[in-house]
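Read the structure below first, then the notes.
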Amino acid sequence: MHPTRRGEGIGTELLAWGTGRARQALAALGTDPEVAGLPGRISAHILDVDPPERHDLLRAAGYEPMRYYANLLRDLSAPVPAIGLEPPLRLVPWSDALEDATRLARNDAFRDHWGSQPRTAESWRAHRSAFAPQWSFVVIDESVLYEGSEQEQPGDTTVPPGTPYVVGLHLGERYEHDWESQGYTAGYTGLLGVRRAYRGRRIAAALLTHAMHVYAADGMQRAELDVDTDNPTGAPALYARLGYTKSDGSTLHTIEL
């Protein structure tokens with residue numbers, strides 16, 4: 001809202017209109033047999049730096065704070081540790097041949113994360129405009145003779161038997177259009193995950209520190225990522241140990257239907 005027009009109820013009317021349209025859109029989905037009967041959610045993000053009145057506006061409209069997120073930065077001029085992996089685990093570069101094997105590892109890794117849904121082959125490849133394959137890596141377990149995606153997820157035939165078994169993943173992203181306005185260059189970690197059976201084996205730390213070394217070699221000044229502060233894997237503590245600090249954050253407000 002323009003500063004000179006605040007206090008006139010315009011924001012309240014706009015939020016009411018947007019919330020009403022969201023309710024209509026969700027109601028229309030009720031005719032789709034694939035989603036009929038599922039719970040619905042209307043959401044809005046508020047930045048930590050936003051004025052308190054915006055939080056009050058959402059609360060008055062029936063929204064409640066649901067999740068808290070932190071944007072973290074790591075200065076790459078400071079030393080970055082090198083964290084290795086014990087065989088049979090091996091860190092390898094991103095490759096198209098491991099695309100869907102990585103997707104299935106992601107689905108397993110995020111199964112216990114709030115709001116996460118399994119990715120299909122189509123949704124996994126969508127919205128990739130910032131994806132940086134040169135900043136992306138996976139960890140494979142060379143001791144596993146993988147029987148293919150059909151064995152792991154019946155009906156999914158995207159990964160043939162004998163494909164390396166992906167147990168960890170790091171997907172990097174590049175947002176060059178933000179660098180000038182934010183005042184620094186950065187390699188962004190868009191996705192970091194480890195299969196649940198492989199947690200506790202330093203896979204996430206190995207992937208993230210390797211990415212930081214690659215960012216720095218490419219001339220980046222910062223490593224950056226966002227995290228749900230209530231992440232069930234303890235990721236915020238890992239990031240703190242590796243030198244990440246909070247730069248800003250946001251709150252997700254929702255109406256649960």
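Identifiers in the structure tokens: chain A, B, ... in order shown; residue index from 1 per chain; ligand index from 1 in order shown.
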### Message
So that I can check the secondary structure, give me every residue of stretch 4-230 of chain A assigned alpha helix (DSSP H) by backbone DSSP, as number ranges by chain.
### Response
A: 10-29, 52-60, 99-109, 121-125, 149-152, 176-182, 203-217
### Long-range neighbours of A:Tyr188 as a PyMOL selection string, 9 Å cut-off, only C-alpha atoms, 3 positions minimum in chain
chain A and resi 135+171-175+215+222-226
### Task
Taking the DSSP assignment computed from this structure's backbone, write out as a PyMOL selection string all residues of stretch 134-229 of chain A that belong to strand (DSSP E or B).
chain A and resi 134-141+165-173+186-194+222-228
### Task
Pick out the residues sitting within 8 Å of A:Val138, and hand them over as a PyMOL selection string; count only C-alpha atoms, and ignore anything fewer than 5 positions along from it in its own chain.
chain A and resi 91-94+102+166-170+207
### Task
Name all residues at most 7 Å from A:Trp124 (count only C-alpha atoms; drop same-chain ones fewer than 4 positions away) and give them as a list in words.
Arg103, Arg119 and Thr120 of chain A
### Query
Mind pulling up the distance from atom CA of A:Gly20 to atom CA of A:Arg59?
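Interatomic distance, atom CA of A:Arg59 to atom CA of A:Gly20: 15.5 Å.
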